[in-house]
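Heads up: the structure comes next, in structure tokens.
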Amino acid sequence: MKPDLSADVSKTSAFLDREISQLMFNRRVLAQAEDRSIPLLERLRYLCIASSNLDEFFEVRVASLLAAGTIDGTLSNHPALVATLNRISDECHALVEHQYEILNQEVLPQLAEAGVHLVRHNERNEAQRAWVKEYFDNEVRPLLTPIGLDPAHPFPQVVNKSLNFIVSLSGKDAFGRGTAIAIVKAPRVLPRIIRLPDHLSDNGGISFCLLSSVIHAHISDLFAGREVLAYSQFRVTRDSDLWVDEDEVKNLRQALKGELQGRQFGKSVRLEVAMNCPPELSQFLLNQFGLDQSRLYAVNGPVNLVRLTEITEHVNKPALRFPPFIPGNARKNANLDIFAELRQHDILLHHPYQTFQTVIDFIRSAATDPHVVAIKQTIYRTGMNSDLMESLILAAQQGKEVTVIVELKARFDEEANINWADKLEQAGAQVVYGVVGLKTHAKVALVIRREGHKLRYYAHLGTGNYHPSTTKFYTDFGLLTCHDGIAREVNEVFIHLTSLTKPHRLSHLWLAPFALQNEIIKAIRNEARIARAGRPARIIVKINALVDESVIRALYAASKDGVKIDLIVRGACTLKPGVPGLSENIRVRSIIGRFLEHSRIYYFRNDLAHDILLASADWMSRNLFRRIEVAFPVLDKQLKRRVLAEGLNPYLKDNTNAWELEPNGHYQRRKPRAKQAALSAQQHLMATLGTPSPQLED
């Protein structure tokens, strides 16, 4: 039975803790690593994803909380923030402990049974030890530079999330001094996962060892004449947010280039050491990095689980992976010129179930079509290698007007975006960096084509990035259209971003930071008005995060008025569902499956008008007020039915990958009831829209 929190709502926080909610998402990812119905290498991948998520959580969320708390010099002046950080610390320590339990007790032993071995030093046979010794001598030792600490050799700069070792030594050094501690940094050019020759693996298996294990096994070889008393690997996580004063810098790109180097040495926020690290060594490191004991994580395994992703990439055992999946094609006539097809009907794309190649073909066709006079596109994330970017460069080289809004501050993609900005400018494209103080997060592209005596506008609008790699495992919707009203408004957005003039009033697009939040709340209140009039009212929303208080309060009010609300929120959600008198008509669920749920869909019943918008924006304050975001309508009735049938209804019926949020912030996994068939929304869509390949045998 759900707890009754309505007794005194005024005294009860109406919102869940954002940071803890984000960590609960990581709990759900870890549950995938525990799920024995999932292939082993995929379970290992989920472990690595959870570890990567936690890294970013510390680099961004914890770092920002610590920075906010110490802005006046001391954290102790902020007791509420200290309490939050303590809750975060408790949850993170429990999460990390659970990660390594899954790794050591389930995933690695079961992989070994399947012939994939991660061999530690004490598990290696004589032949393996001899090979590792030779590898260390020839490949590793020449690149290592042990640093004995003394006044002339201070503690070295340690790069964010890099592998390092601290060593305690006895006796005196070659100069008769008692340097007791040395630091060894693992060169970044060395692979962290090393595959042993096949003849050293039993029964046709595959064996790997960690670079950390190789260095551990031979670390005493680095200190001739000294006894190694103790040692440990360690890794420090640093604040990785980039900051530049955009009002002061004259060239944002050049300023960010300088900041990228500094990111590697931001303020320390977490220290990871091996579980057997002596307390005096871990305390020495904590002192060096200015951290208290709560920031220490002693782990039972490698300090960087993300590196184990390399095992999943190097093992060719199809039975240990998800069956390969071939996406379908959304085009009705792939042989028809794409512009001719768009003049007949809009194309709704649902990735990864339908190929992203259609978008690539759209931009490539525009680049080579002699009738196309201009191409405009926003870029938030696109990766280091991108056919889309190459097509834009080709279009510029052929003399077309190419305008690209490149977001230089897309977190962790800054370097790739700077490189593409350089190449685009060299090709003759007009490159701008959005609006000072706001990230350009909208995903829109526009092609202007001369047809007869007039110009026709063709647009692509999406919920996800123009990143061909991530579209293979992120779920997203995209719309290709030549609807004159929508396409012309896309052009207005580009004029706004390049000229910095106030955008004209838009009839179809909801644009942040100007109108998006207001339009969302207006649509919610409209459903509430309909409910108060005694007619059916319904809201269904699928987003990645829900933390904006103004929107949550509007949802609470609509719930009280009788609106039935279903929220499919993948990650952080601070709304409390199912609270009598507050949110009893609201249900919240999260879907964690093979693909990363990334679509943003807003549905309002609106007296059977069935308003559906797709968007780049989650319902977070940063998206609504501090970013350029676009929500766009699906106008075609057939495509509306598709969005409902593919993007919402299966997720509301999912009883396999769905987790339901309780008022206390905990999530319960849905399971099929007695005699109820199991339903996975993602499996259903793969079978419906794509072409799954048969499972291959080893």
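Scheme for the structure tokens: letters A, B, ... for chains in order shown; per-chain residue numbers from 1; ligand numbers from 1 in order shown.
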
12 Å contact set for A:Arg129, only C-alpha atoms, chain neighbours under 6 positions out, as a VMD selection string: chain A and resid 119 to 123 135 to 136 196 200 209 213 to 214 217 to 218

Residues within 9 Å of stretch 383-391 of chain A, only C-alpha atoms, excluding chain neighbours under 3 positions, as a list in words: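 My list of contacting residues is Val359, Ile360, Asp361, Ile363, Arg364, Ser365, Ala366, Ala367, Thr368, Leu394, Ala395, Ala396, Asp413, Glu415, Ala416, Asn417, Asn419, Trp420, Leu424, Tyr466, His467, Pro468, Ser469 and Thr470 of chain A.
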
Can those selected residues be exported to a file as a PDB file, in the first residue's frame so that it contains C-alpha atoms?
```pdb
ATOM      1  CA  VAL A 359      18.811  11.918 -42.545  1.00  0.00           C
ATOM      2  CA  ILE A 360      22.331  11.490 -43.909  1.00  0.00           C
ATOM      3  CA  ASP A 361      20.878  11.015 -47.414  1.00  0.00           C
ATOM      4  CA  ILE A 363      21.776  16.340 -46.224  1.00  0.00           C
ATOM      5  CA  ARG A 364      23.980  14.584 -48.804  1.00  0.00           C
ATOM      6  CA  SER A 365      21.318  15.019 -51.495  1.00  0.00           C
ATOM      7  CA  ALA A 366      21.076  18.688 -50.586  1.00  0.00           C
ATOM      8  CA  ALA A 367      24.857  19.054 -50.839  1.00  0.00           C
ATOM      9  CA  THR A 368      24.969  17.676 -54.401  1.00  0.00           C
ATOM     10  CA  LEU A 394      31.121  19.497 -49.603  1.00  0.00           C
ATOM     11  CA  ALA A 395      28.114  21.795 -49.970  1.00  0.00           C
ATOM     12  CA  ALA A 396      30.184  24.810 -48.887  1.00  0.00           C
ATOM     13  CA  ASP A 413      32.068  16.978 -27.057  1.00  0.00           C
ATOM     14  CA  GLU A 415      36.914  19.188 -28.815  1.00  0.00           C
ATOM     15  CA  ALA A 416      35.090  17.419 -31.646  1.00  0.00           C
ATOM     16  CA  ASN A 417      32.848  20.428 -32.220  1.00  0.00           C
ATOM     17  CA  ASN A 419      37.509  20.650 -34.868  1.00  0.00           C
ATOM     18  CA  TRP A 420      34.403  20.583 -37.077  1.00  0.00           C
ATOM     19  CA  LEU A 424      33.627  24.103 -41.876  1.00  0.00           C
ATOM     20  CA  TYR A 466      22.995  14.470 -35.456  1.00  0.00           C
ATOM     21  CA  HIS A 467      25.347  11.704 -34.331  1.00  0.00           C
ATOM     22  CA  PRO A 468      25.295   8.669 -36.651  1.00  0.00           C
ATOM     23  CA  SER A 469      26.849   6.391 -34.012  1.00  0.00           C
ATOM     24  CA  THR A 470      24.515   7.115 -31.103  1.00  0.00           C
TER      25      THR A 470
END
```

Against stretch 429-448 of chain A, which residues of stretch 498-585 of chain A fall within 10 Å? For each one I want the closest pair of atoms and the distance in Å (one decimal), counting only C-alpha atoms, rows by chain and increasing residue number, as a Markdown table.
```
| residue | atom | partner | partner_atom | distance |
| --- | --- | --- | --- | --- |
| A:Thr498 | CA | A:Val432 | CA | 6.8 |
| A:Ser499 | CA | A:Val435 | CA | 9.6 |
| A:Leu500 | CA | A:Val435 | CA | 7.3 |
| A:Leu511 | CA | A:Ala442 | CA | 9.0 |
| A:Ala512 | CA | A:Ala442 | CA | 9.1 |
| A:Pro513 | CA | A:Leu438 | CA | 8.8 |
```

Please, which residues of stretch 618-682 of chain A, numbered as in this document, come out helix (DSSP H, G or I) from DSSP, as a list in words?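 Residues of stretch 618-682 of chain A classed as helix (DSSP H, G or I): Ser621, Arg622, Asn623, Leu624, Phe625, Lys637, Gln638, Leu639, Lys640, Arg641, Arg642, Val643, Leu644, Ala645, Glu646, Gly647, Leu648, Asn649, Pro650, Tyr651, Leu652, Lys653, Ala681 and Gln682 of chain A.
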
Which neighbours of A:Glu97 fall inside 12 Å, counting only C-alpha atoms, when residues of the same chain fewer than 6 positions from it are skipped, and could you give them as an mmCIF file with N, CA, C and O atoms, in the first residue's frame?
```
data_model
loop_
_atom_site.group_PDB
_atom_site.id
_atom_site.type_symbol
_atom_site.label_atom_id
_atom_site.label_comp_id
_atom_site.auth_asym_id
_atom_site.auth_seq_id
_atom_site.Cartn_x
_atom_site.Cartn_y
_atom_site.Cartn_z
ATOM 1 N N ARG A 27 20.914 2.912 -10.266
ATOM 2 C CA ARG A 27 20.494 1.647 -9.665
ATOM 3 C C ARG A 27 19.767 0.793 -10.702
ATOM 4 O O ARG A 27 19.946 -0.427 -10.769
ATOM 5 N N LEU A 30 22.219 -0.681 -13.105
ATOM 6 C CA LEU A 30 22.909 -1.806 -12.472
ATOM 7 C C LEU A 30 22.042 -3.052 -12.447
ATOM 8 O O LEU A 30 22.554 -4.176 -12.536
ATOM 9 N N SER A 51 29.207 2.818 -14.350
ATOM 10 C CA SER A 51 30.430 3.449 -13.855
ATOM 11 C C SER A 51 30.677 4.780 -14.559
ATOM 12 O O SER A 51 31.048 5.777 -13.925
ATOM 13 N N ASP A 90 26.547 8.556 0.945
ATOM 14 C CA ASP A 90 26.061 7.244 1.398
ATOM 15 C C ASP A 90 25.558 6.410 0.226
ATOM 16 O O ASP A 90 25.874 5.217 0.107
ATOM 17 N N GLU A 91 24.775 7.043 -0.645
ATOM 18 C CA GLU A 91 24.212 6.313 -1.783
ATOM 19 C C GLU A 91 25.301 5.901 -2.768
ATOM 20 O O GLU A 91 25.294 4.788 -3.295
ATOM 21 N N LEU A 103 30.341 -7.420 -10.386
ATOM 22 C CA LEU A 103 31.492 -7.734 -11.233
ATOM 23 C C LEU A 103 32.195 -9.002 -10.753
ATOM 24 O O LEU A 103 32.443 -9.925 -11.543
ATOM 25 N N ASN A 104 32.514 -9.054 -9.460
ATOM 26 C CA ASN A 104 33.353 -10.131 -8.932
ATOM 27 C C ASN A 104 32.597 -11.422 -8.649
ATOM 28 O O ASN A 104 33.171 -12.513 -8.750
ATOM 29 N N GLN A 105 31.330 -11.315 -8.283
ATOM 30 C CA GLN A 105 30.583 -12.508 -7.884
ATOM 31 C C GLN A 105 29.736 -13.092 -9.006
ATOM 32 O O GLN A 105 29.359 -14.261 -8.936
ATOM 33 N N MET A 275 41.136 -1.609 -2.596
ATOM 34 C CA MET A 275 40.606 -1.930 -1.277
ATOM 35 C C MET A 275 41.708 -2.196 -0.253
ATOM 36 O O MET A 275 41.552 -1.920 0.935
ATOM 37 N N TYR A 297 36.855 6.272 -2.007
ATOM 38 C CA TYR A 297 36.191 5.047 -2.439
ATOM 39 C C TYR A 297 37.244 3.956 -2.609
ATOM 40 O O TYR A 297 38.076 4.019 -3.521
ATOM 41 N N ALA A 298 37.235 2.994 -1.679
ATOM 42 C CA ALA A 298 38.157 1.859 -1.740
ATOM 43 C C ALA A 298 37.435 0.719 -2.444
ATOM 44 O O ALA A 298 36.426 0.210 -1.943
ATOM 45 N N VAL A 299 37.931 0.307 -3.606
ATOM 46 C CA VAL A 299 37.179 -0.601 -4.480
ATOM 47 C C VAL A 299 37.863 -1.954 -4.595
ATOM 48 O O VAL A 299 39.090 -2.063 -4.529
ATOM 49 N N ASN A 300 37.057 -2.958 -4.801
ATOM 50 C CA ASN A 300 37.537 -4.335 -4.904
ATOM 51 C C ASN A 300 37.720 -4.707 -6.362
ATOM 52 O O ASN A 300 36.991 -5.542 -6.926
ATOM 53 N N GLY A 301 38.694 -4.061 -7.000
ATOM 54 C CA GLY A 301 38.943 -4.316 -8.414
ATOM 55 C C GLY A 301 39.597 -3.110 -9.047
ATOM 56 O O GLY A 301 40.118 -2.224 -8.357
#
```

Separation of atom CA of A:Ile215 and atom CA of A:Ile193, in Å?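 That distance, rounded to one decimal, is 12.2 Å.
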
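Nearest residue to A:Ile206 among A:Asn623, A:Ser599, A:Thr312, A:Ser52 is A:Thr312, counting only C-alpha atoms.
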
Select, from A:Ala114, A:Leu555, A:Ala67, A:Ala274, the residue with the minimum atom-to-atom distance to A:Leu320, counting only C-alpha atoms.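 The answer is A:Ala114, which sits nearest to A:Leu320.
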